[in-house]
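Shown here: query18.pdb, PDB, C-alpha atoms.
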```
ATOM      1  CA  MET U   1      32.027  59.595  44.013
ATOM      2  CA  ASN U   2      30.660  59.527  40.566
ATOM      3  CA  ILE U   3      31.397  61.725  37.614
ATOM      4  CA  ASP U   4      28.670  62.442  35.170
ATOM      5  CA  ILE U   5      30.293  62.764  31.783
ATOM      6  CA  HIS U   6      27.012  63.028  29.982
ATOM      7  CA  ARG U   7      25.485  66.375  30.656
ATOM      8  CA  ASP U   8      24.447  66.977  27.113
ATOM      9  CA  GLY U   9      20.718  67.198  26.658
ATOM     10  CA  GLY U  10      21.139  65.016  23.628
ATOM     11  CA  ALA U  11      19.373  64.965  20.349
ATOM     12  CA  ALA U  12      16.255  63.220  21.462
ATOM     13  CA  GLY U  13      14.148  66.266  20.790
ATOM     14  CA  SER U  14      15.373  66.452  17.239
ATOM     15  CA  ALA U  15      15.459  62.746  16.572
ATOM     16  CA  PRO U  16      13.449  61.737  13.543
ATOM     17  CA  SER U  17      10.339  59.739  14.112
ATOM     18  CA  LEU U  18      11.310  56.196  13.364
ATOM     19  CA  ARG U  19       9.967  52.776  13.813
ATOM     20  CA  ILE U  20      11.061  50.116  16.250
ATOM     21  CA  PRO U  21      12.229  46.763  14.887
ATOM     22  CA  GLU U  22       9.806  44.797  12.826
ATOM     23  CA  GLY U  23      10.175  42.049  15.365
ATOM     24  CA  PHE U  24       8.903  44.262  18.094
ATOM     25  CA  PRO U  25       5.698  46.028  17.038
ATOM     26  CA  GLY U  26       3.686  48.046  19.464
ATOM     27  CA  ALA U  27       6.422  48.535  22.009
ATOM     28  CA  THR U  28       5.790  51.038  24.736
ATOM     29  CA  VAL U  29       8.437  52.388  27.028
ATOM     30  CA  GLY U  30       9.270  55.400  29.079
ATOM     31  CA  ASP U  31       7.543  54.538  32.321
ATOM     32  CA  ASP U  32       9.160  55.446  35.600
ATOM     33  CA  ARG U  33      10.778  52.024  35.899
ATOM     34  CA  SER U  34      13.173  52.794  33.073
ATOM     35  CA  PRO U  35      16.741  53.253  34.237
ATOM     36  CA  THR U  36      18.098  56.638  33.293
ATOM     37  CA  ARG U  37      21.724  56.295  34.266
ATOM     38  CA  LEU U  38      24.534  53.999  33.198
ATOM     39  CA  ALA U  39      27.261  53.361  35.763
ATOM     40  CA  LEU U  40      30.472  52.505  33.947
ATOM     41  CA  PRO U  41      33.693  51.638  35.803
ATOM     42  CA  GLN U  42      36.729  53.591  34.668
ATOM     43  CA  ALA U  43      38.486  50.379  33.660
ATOM     44  CA  MET U  44      35.684  49.654  31.233
ATOM     45  CA  VAL U  45      35.902  53.145  29.757
ATOM     46  CA  THR U  46      39.590  52.532  29.131
ATOM     47  CA  GLN U  47      38.872  49.120  27.636
ATOM     48  CA  LEU U  48      36.204  50.509  25.329
ATOM     49  CA  ARG U  49      38.471  53.331  24.180
ATOM     50  CA  GLU U  50      41.132  50.811  23.279
ATOM     51  CA  LEU U  51      38.661  48.653  21.388
ATOM     52  CA  ALA U  52      37.321  51.685  19.530
ATOM     53  CA  GLU U  53      40.799  52.804  18.586
ATOM     54  CA  MET U  54      41.985  49.345  17.539
ATOM     55  CA  SER U  55      38.956  48.819  15.323
ATOM     56  CA  PHE U  56      39.174  52.214  13.627
ATOM     57  CA  PRO U  57      38.151  52.963  10.876
ATOM     58  CA  PHE U  58      35.703  50.103  11.236
ATOM     59  CA  GLU U  59      32.848  49.845  13.665
ATOM     60  CA  ALA U  60      33.273  47.690  16.727
ATOM     61  CA  CYS U  61      30.356  46.383  18.728
ATOM     62  CA  GLY U  62      29.563  44.360  21.786
ATOM     63  CA  LEU U  63      27.534  44.004  24.920
ATOM     64  CA  LEU U  64      27.500  45.304  28.456
ATOM     65  CA  ILE U  65      26.964  42.739  31.184
ATOM     66  CA  GLY U  66      25.669  43.871  34.529
ATOM     67  CA  THR U  67      22.580  44.598  36.532
ATOM     68  CA  ALA U  68      19.602  46.817  35.876
ATOM     69  CA  GLY U  69      18.048  48.513  38.860
ATOM     70  CA  HIS U  70      15.167  50.856  39.344
ATOM     71  CA  HIS U  71      16.782  53.886  37.751
ATOM     72  CA  GLU U  72      20.300  52.737  37.108
ATOM     73  CA  VAL U  73      22.139  50.241  34.962
ATOM     74  CA  VAL U  74      25.432  49.071  36.416
ATOM     75  CA  ALA U  75      27.886  47.599  33.936
ATOM     76  CA  HIS U  76      30.185  44.910  35.286
ATOM     77  CA  GLU U  77      31.831  43.690  32.114
ATOM     78  CA  VAL U  78      32.448  44.650  28.505
ATOM     79  CA  VAL U  79      32.101  41.902  25.915
ATOM     80  CA  GLN U  80      33.280  42.463  22.372
ATOM     81  CA  ALA U  81      31.247  40.765  19.665
ATOM     82  CA  ARG U  82      31.978  40.111  16.033
ATOM     83  CA  ASN U  83      30.663  42.626  13.534
ATOM     84  CA  LEU U  84      29.151  40.541  10.754
ATOM     85  CA  SER U  85      28.790  43.535   8.459
ATOM     86  CA  SER U  86      31.825  42.746   6.360
ATOM     87  CA  GLU U  87      31.058  45.024   3.413
ATOM     88  CA  ARG U  88      29.826  48.063   5.338
ATOM     89  CA  ALA U  89      31.893  47.752   8.499
ATOM     90  CA  ARG U  90      32.885  51.417   8.356
ATOM     91  CA  ASP U  91      29.354  52.560   9.053
ATOM     92  CA  ARG U  92      27.292  49.494   9.942
ATOM     93  CA  TYR U  93      27.361  46.730  12.470
ATOM     94  CA  ILE U  94      25.505  43.483  12.762
ATOM     95  CA  LEU U  95      26.271  41.908  16.105
ATOM     96  CA  ASP U  96      26.880  38.184  15.793
ATOM     97  CA  PRO U  97      23.871  36.550  17.479
ATOM     98  CA  GLU U  98      26.063  33.662  18.582
ATOM     99  CA  ASP U  99      28.179  36.100  20.565
ATOM    100  CA  PHE U 100      24.974  37.411  22.110
ATOM    101  CA  LEU U 101      23.982  33.873  23.006
ATOM    102  CA  ALA U 102      27.362  33.124  24.571
ATOM    103  CA  ALA U 103      27.374  36.395  26.517
ATOM    104  CA  ASP U 104      23.876  35.771  27.820
ATOM    105  CA  ARG U 105      24.806  32.296  29.015
ATOM    106  CA  SER U 106      27.936  33.585  30.697
ATOM    107  CA  ALA U 107      26.009  36.388  32.373
ATOM    108  CA  ARG U 108      23.265  34.100  33.576
ATOM    109  CA  GLN U 109      25.783  31.814  35.299
ATOM    110  CA  ARG U 110      26.849  34.794  37.396
ATOM    111  CA  CYS U 111      23.306  36.023  38.040
ATOM    112  CA  LEU U 112      23.976  38.963  35.713
ATOM    113  CA  ASP U 113      22.279  40.021  32.528
ATOM    114  CA  ILE U 114      22.905  41.702  29.210
ATOM    115  CA  VAL U 115      22.036  45.283  30.086
ATOM    116  CA  GLY U 116      23.453  47.231  27.177
ATOM    117  CA  ILE U 117      24.768  47.273  23.659
ATOM    118  CA  TRP U 118      27.810  49.298  22.668
ATOM    119  CA  HIS U 119      29.183  50.203  19.285
ATOM    120  CA  THR U 120      31.541  52.736  17.789
ATOM    121  CA  HIS U 121      30.900  55.542  15.340
ATOM    122  CA  PRO U 122      34.204  56.118  13.547
ATOM    123  CA  GLU U 123      34.434  59.766  12.478
ATOM    124  CA  HIS U 124      30.802  60.321  13.422
ATOM    125  CA  LEU U 125      29.048  61.794  16.417
ATOM    126  CA  ALA U 126      28.078  59.598  19.346
ATOM    127  CA  VAL U 127      24.461  60.169  18.448
ATOM    128  CA  PRO U 128      22.119  57.428  17.229
ATOM    129  CA  SER U 129      21.665  57.303  13.487
ATOM    130  CA  LYS U 130      18.500  56.357  11.696
ATOM    131  CA  THR U 131      20.136  52.971  11.196
ATOM    132  CA  ASP U 132      20.559  52.648  14.956
ATOM    133  CA  LEU U 133      17.007  53.658  15.659
ATOM    134  CA  ASP U 134      15.522  51.384  13.039
ATOM    135  CA  ALA U 135      17.061  48.367  14.757
ATOM    136  CA  ALA U 136      16.739  49.423  18.398
ATOM    137  CA  TRP U 137      15.133  47.444  21.171
ATOM    138  CA  GLU U 138      13.708  48.733  24.375
ATOM    139  CA  GLY U 139      15.213  47.793  27.702
ATOM    140  CA  TYR U 140      18.892  48.194  26.797
ATOM    141  CA  SER U 141      21.394  50.975  27.274
ATOM    142  CA  TYR U 142      22.835  51.885  23.877
ATOM    143  CA  LEU U 143      26.351  53.142  24.463
ATOM    144  CA  ILE U 144      27.821  54.852  21.402
ATOM    145  CA  ILE U 145      31.504  55.721  21.230
ATOM    146  CA  SER U 146      32.598  58.310  18.728
ATOM    147  CA  VAL U 147      36.208  57.800  17.692
ATOM    148  CA  ASP U 148      38.379  59.736  15.272
ATOM    149  CA  ALA U 149      41.649  59.090  13.501
ATOM    150  CA  LEU U 150      43.604  60.609  16.391
ATOM    151  CA  GLY U 151      42.019  58.168  18.814
ATOM    152  CA  ASP U 152      39.900  60.796  20.523
ATOM    153  CA  THR U 153      36.683  59.343  21.836
ATOM    154  CA  VAL U 154      33.334  60.583  23.070
ATOM    155  CA  PHE U 155      30.960  58.361  25.011
ATOM    156  CA  LYS U 156      27.214  58.845  25.079
ATOM    157  CA  SER U 157      24.488  56.504  26.176
ATOM    158  CA  TRP U 158      20.946  56.333  24.942
ATOM    159  CA  ARG U 159      17.791  54.445  25.653
ATOM    160  CA  LEU U 160      14.885  53.763  23.379
ATOM    161  CA  ALA U 161      11.825  55.666  24.569
ATOM    162  CA  GLY U 162       8.882  54.994  22.315
ATOM    163  CA  ASP U 163       9.898  55.923  18.777
ATOM    164  CA  ARG U 164      13.066  57.791  19.665
ATOM    165  CA  PHE U 165      16.235  57.587  21.690
ATOM    166  CA  ALA U 166      16.488  59.525  24.931
ATOM    167  CA  PRO U 167      19.890  60.408  26.384
ATOM    168  CA  GLU U 168      21.048  58.466  29.408
ATOM    169  CA  ALA U 169      23.576  59.840  31.864
ATOM    170  CA  ILE U 170      26.901  58.036  32.243
ATOM    171  CA  GLU U 171      28.551  57.863  35.621
ATOM    172  CA  ILE U 172      32.121  56.729  35.916
ATOM    173  CA  ALA U 173      32.578  54.593  38.987
ATOM    174  CA  ASP U 174      36.202  55.584  39.531
ATOM    175  CA  PRO U 175      36.967  59.300  39.083
ATOM    176  CA  SER U 176      40.720  58.824  39.096
ATOM    177  CA  GLY U 177      40.850  58.215  35.357
ATOM    178  CA  ASP U 178      41.259  60.736  32.588
ATOM    179  CA  ALA U 179      37.651  60.904  31.366
TER     180      ALA U 179
ATOM    181  CA  MET V 180       7.782  16.143  22.950
ATOM    182  CA  GLY V 181       9.025  17.595  26.156
ATOM    183  CA  ILE V 182       9.372  20.512  28.460
ATOM    184  CA  VAL V 183      11.905  23.052  27.290
ATOM    185  CA  THR V 184      13.281  26.069  29.100
ATOM    186  CA  VAL V 185      12.883  29.239  27.090
ATOM    187  CA  ARG V 186      15.280  32.102  27.745
ATOM    188  CA  ILE V 187      13.461  35.415  27.325
ATOM    189  CA  PRO V 188      15.486  38.487  26.276
ATOM    190  CA  THR V 189      15.140  41.718  28.216
ATOM    191  CA  PRO V 190      12.929  43.499  25.637
ATOM    192  CA  LEU V 191      10.286  40.780  25.916
ATOM    193  CA  ARG V 192      10.294  40.321  29.676
ATOM    194  CA  GLY V 193       7.643  42.951  30.113
ATOM    195  CA  LEU V 194       5.315  40.436  28.510
ATOM    196  CA  THR V 195       6.316  37.522  30.718
ATOM    197  CA  GLY V 196       5.869  39.294  34.021
ATOM    198  CA  GLY V 197       9.592  39.923  34.244
ATOM    199  CA  GLN V 198      10.492  36.253  33.982
ATOM    200  CA  ALA V 199      13.799  35.612  32.241
ATOM    201  CA  GLU V 200      13.121  31.914  31.820
ATOM    202  CA  VAL V 201       9.896  30.022  31.375
ATOM    203  CA  GLU V 202       9.189  26.340  30.924
ATOM    204  CA  VAL V 203       6.973  25.294  28.060
ATOM    205  CA  ASP V 204       5.688  21.964  26.851
ATOM    206  CA  GLY V 205       5.673  21.170  23.150
ATOM    207  CA  ALA V 206       6.701  18.861  20.338
ATOM    208  CA  THR V 207       8.345  21.440  18.088
ATOM    209  CA  VAL V 208       9.855  24.890  18.351
ATOM    210  CA  GLY V 209       6.716  26.231  16.693
ATOM    211  CA  ASP V 210       4.552  24.571  19.337
ATOM    212  CA  VAL V 211       6.596  26.143  22.094
ATOM    213  CA  LEU V 212       6.411  29.629  20.604
ATOM    214  CA  LYS V 213       2.692  29.340  19.969
ATOM    215  CA  THR V 214       2.145  28.215  23.538
ATOM    216  CA  LEU V 215       4.106  31.212  24.747
ATOM    217  CA  GLY V 216       1.972  33.416  22.525
ATOM    218  CA  ALA V 217      -1.172  31.980  24.079
ATOM    219  CA  ARG V 218       0.194  32.256  27.607
ATOM    220  CA  TYR V 219       1.526  35.808  27.360
ATOM    221  CA  GLU V 220      -0.521  38.413  25.566
ATOM    222  CA  GLY V 221       1.436  40.185  22.850
ATOM    223  CA  PHE V 222       4.285  37.703  22.871
ATOM    224  CA  GLY V 223       3.307  35.822  19.733
ATOM    225  CA  GLU V 224       3.151  38.811  17.400
ATOM    226  CA  ARG V 225       6.504  40.064  18.608
ATOM    227  CA  VAL V 226       8.268  36.834  17.761
ATOM    228  CA  LEU V 227       6.225  35.514  14.853
ATOM    229  CA  ASP V 228       5.055  37.354  11.747
ATOM    230  CA  ALA V 229       1.586  37.318  10.250
ATOM    231  CA  GLY V 230       2.474  34.267   8.202
ATOM    232  CA  GLY V 231       3.549  32.340  11.275
ATOM    233  CA  GLY V 232       7.286  32.529  10.593
ATOM    234  CA  VAL V 233       9.971  33.875  12.902
ATOM    235  CA  ARG V 234      10.356  37.623  12.472
ATOM    236  CA  PRO V 235      13.565  38.731  10.744
ATOM    237  CA  PHE V 236      14.757  40.718  13.766
ATOM    238  CA  VAL V 237      14.472  37.666  15.990
ATOM    239  CA  ASN V 238      16.766  34.657  16.211
ATOM    240  CA  VAL V 239      15.729  31.451  17.904
ATOM    241  CA  TYR V 240      18.369  29.027  19.078
ATOM    242  CA  LEU V 241      17.743  25.471  20.185
ATOM    243  CA  GLY V 242      20.815  24.656  22.177
ATOM    244  CA  ASP V 243      23.685  26.100  20.157
ATOM    245  CA  GLN V 244      21.956  26.054  16.799
ATOM    246  CA  ASN V 245      19.856  28.671  15.074
ATOM    247  CA  ILE V 246      16.602  26.996  14.116
ATOM    248  CA  ARG V 247      16.944  28.564  10.650
ATOM    249  CA  GLN V 248      19.778  26.097  10.146
ATOM    250  CA  LEU V 249      17.649  23.238  11.437
ATOM    251  CA  GLU V 250      14.054  22.630  10.458
ATOM    252  CA  GLY V 251      12.826  26.060  11.445
ATOM    253  CA  LEU V 252       9.651  26.057  13.489
ATOM    254  CA  ASP V 253       9.195  22.372  12.671
ATOM    255  CA  THR V 254      12.369  21.505  14.557
ATOM    256  CA  PRO V 255      11.465  18.886  17.172
ATOM    257  CA  VAL V 256      12.291  19.592  20.791
ATOM    258  CA  GLN V 257      13.156  17.169  23.549
ATOM    259  CA  ASP V 258      12.664  17.245  27.246
ATOM    260  CA  GLY V 259      15.257  19.370  29.003
ATOM    261  CA  GLN V 260      16.432  21.340  25.980
ATOM    262  CA  ALA V 261      16.957  25.081  26.104
ATOM    263  CA  LEU V 262      15.393  27.474  23.625
ATOM    264  CA  HIS V 263      16.948  30.912  23.405
ATOM    265  CA  ILE V 264      15.210  33.911  21.886
ATOM    266  CA  VAL V 265      17.951  36.271  20.751
ATOM    267  CA  PRO V 266      17.129  39.760  19.504
ATOM    268  CA  ALA V 267      18.944  40.783  16.330
ATOM    269  CA  VAL V 268      21.262  43.647  17.238
ATOM    270  CA  ALA V 269      22.411  45.983  14.496
ATOM    271  CA  GLY V 270      22.907  49.620  13.593
ATOM    272  CA  GLY V 271      25.772  51.872  12.731
ATOM    273  CA  SER V 272      26.856  55.373  11.961
ATOM    274  CA  GLN V 273      25.406  55.379   8.464
ATOM    275  CA  GLY V 274      23.342  58.536   8.322
ATOM    276  CA  ALA V 275      24.729  59.920  11.580
ATOM    277  CA  ALA V 276      26.219  63.378  11.674
ATOM    278  CA  SER V 277      29.960  63.722  11.462
ATOM    279  CA  GLY V 278      32.144  66.413  12.970
ATOM    280  CA  VAL V 279      33.107  67.585  16.402
ATOM    281  CA  ASP V 280      30.926  66.277  19.183
ATOM    282  CA  LEU V 281      29.869  68.324  22.186
ATOM    283  CA  GLY V 282      30.098  65.513  24.701
ATOM    284  CA  VAL V 283      32.942  64.788  27.053
ATOM    285  CA  GLY V 284      35.578  62.341  26.011
ATOM    286  CA  GLY V 285      39.245  62.384  25.179
ATOM    287  CA  ARG V 286      42.071  59.995  25.609
TER     288      ARG V 286
END
```

If you convert what's in this file into structure tokens, what do you get?
Amino acid sequence: MNIDIHRDGGAAGSAPSLRIPEGFPGATVGDDRSPTRLALPQAMVTQLRELAEMSFPFEACGLLIGTAGHHEVVAHEVVQARNLSSERARDRYILDPEDFLAADRSARQRCLDIVGIWHTHPEHLAVPSKTDLDAAWEGYSYLIISVDALGDTVFKSWRLAGDRFAPEAIEIADPSGDA
Amino acid sequence: MGIVTVRIPTPLRGLTGGQAEVEVDGATVGDVLKTLGARYEGFGERVLDAGGGVRPFVNVYLGDQNIRQLEGLDTPVQDGQALHIVPAVAGGSQGAASGVDLGVGGR
């Protein structure tokens, strides 16, 4: 049994028109092969909450390792990466490319792949910012975790669709948790 | 000069027919990337800029080293080496709305 914790229609309709990364001109997405659901085991939700809380008030970031199917991304592992944004770590993240490299190698050895990118928004909504959109790539789930000073968290997942983010449903693999 | 294995990141696999790894012959990293650009339409302009340099949102690793710390595109490659194209991943809440979210969460 799965629990969909992402029933919000999201802000895609109101998202500003923004560019994709300079390294990726002319991208087109949104065909029917794009996964529209992120399956996240409860243990990973718990792990991500802890990472978000421990990093507060700074942004934490990392990768999701798993498999990408026809309409679903299944996360198997959470990897935390270093945030290289030392001066703006409260509201920016730059994921260490060497952590990306290491995660990709580790995933490949297990016939898995990097399927998503997660980061926290301390004291901000779990909605992509212009900064997020400016640097977004197609083909990944972008899991954003809003966290406040009390440790309350909100998870939302997004996927780049052309020049905007579209919301992506999250399904928790184990409903016995407290999400 | 040699055949290197190039690891393609997910966002670029649509250009390589879904292949995550491709083998390319070349003498330098630049040779390899140009060959990929010739082999796969659209690949070159997504990795290299108009001046022929690596785009700022793209990192290229030869083995464990970023080619920016080596000789860049002139870095020689040897048979059996691995070239990794790593997308730059960044963002953050700067400019995002703050306040109470409507999603489902909690502790």

Problem set entry | Residue nearest Leu40 (chain U) - candidates U:Ala166, U:Ala126, U:Ser141, U:Asp96, atoms counted: all atoms listed in the file | U:Ser141

Problem set entry | Output check: residues returned by the ChimeraX specification (/V :<6) & /U, as an NGL selection string | :U and (5 or 23-24 or 91-95 or 121 or 124-125 or 129 or 131-132 or 135 or 138-139 or 152-154 or 179)

For this session: Name the residues captured by the PyMOL selection byres ((chain V and resi 206-212) around 10) when it is applied to the shown file; answer as an MDAnalysis selection string.
Result: chainID V and resid 180:185 202:205 213:218 222:223 226:227 231:233 239:241 246 250:258 262 264

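Residues selected in this file by the PyMOL selection byres ((chain U and resi 68) around 12) comprise Arg33, Ser34, Pro35, Thr36, Arg37, Leu38, Ala39, Leu64, Ile65, Gly66, Thr67, Gly69, His70, His71, Glu72, Val73, Val74, Ala75, His76, Cys111, Leu112, Asp113, Ile114, Val115, Gly116, Gly139, Tyr140 and Ser141 of chain U; Thr189 of chain V.
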
Exercise. So what do you get for CA of Ala81 (chain U) versus CA of Gly62 (chain U), distance-wise?
Worked result: 4.5 Å

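With all atoms listed in the file as the basis for measurement, U:Asp174 is the residue among U:Glu123, U:Asp174, U:Asp163, U:Glu87 that approaches Pro41 (chain U) most closely.
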
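Separating CA of Phe56 (chain U) from CA of Thr120 (chain U) is a distance of 8.7 Å.
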
Exercise. If you measure from CA of Ile170 (chain U) to CA of Lys156 (chain U), what distance in Å do you get, rounded to one decimal?
Worked result: 7.2 Å

Padding 8 Å on each side, edges along x, y and z: where is the centre of the box around the listed atoms of region 201-213 of chain V, and how long are its edges in Å to one decimal? Output it as JSON.
```
{"center_x": 6.3, "center_y": 24.4, "center_z": 24.0, "size_x": 23.2, "size_y": 27.2, "size_z": 30.7}
```
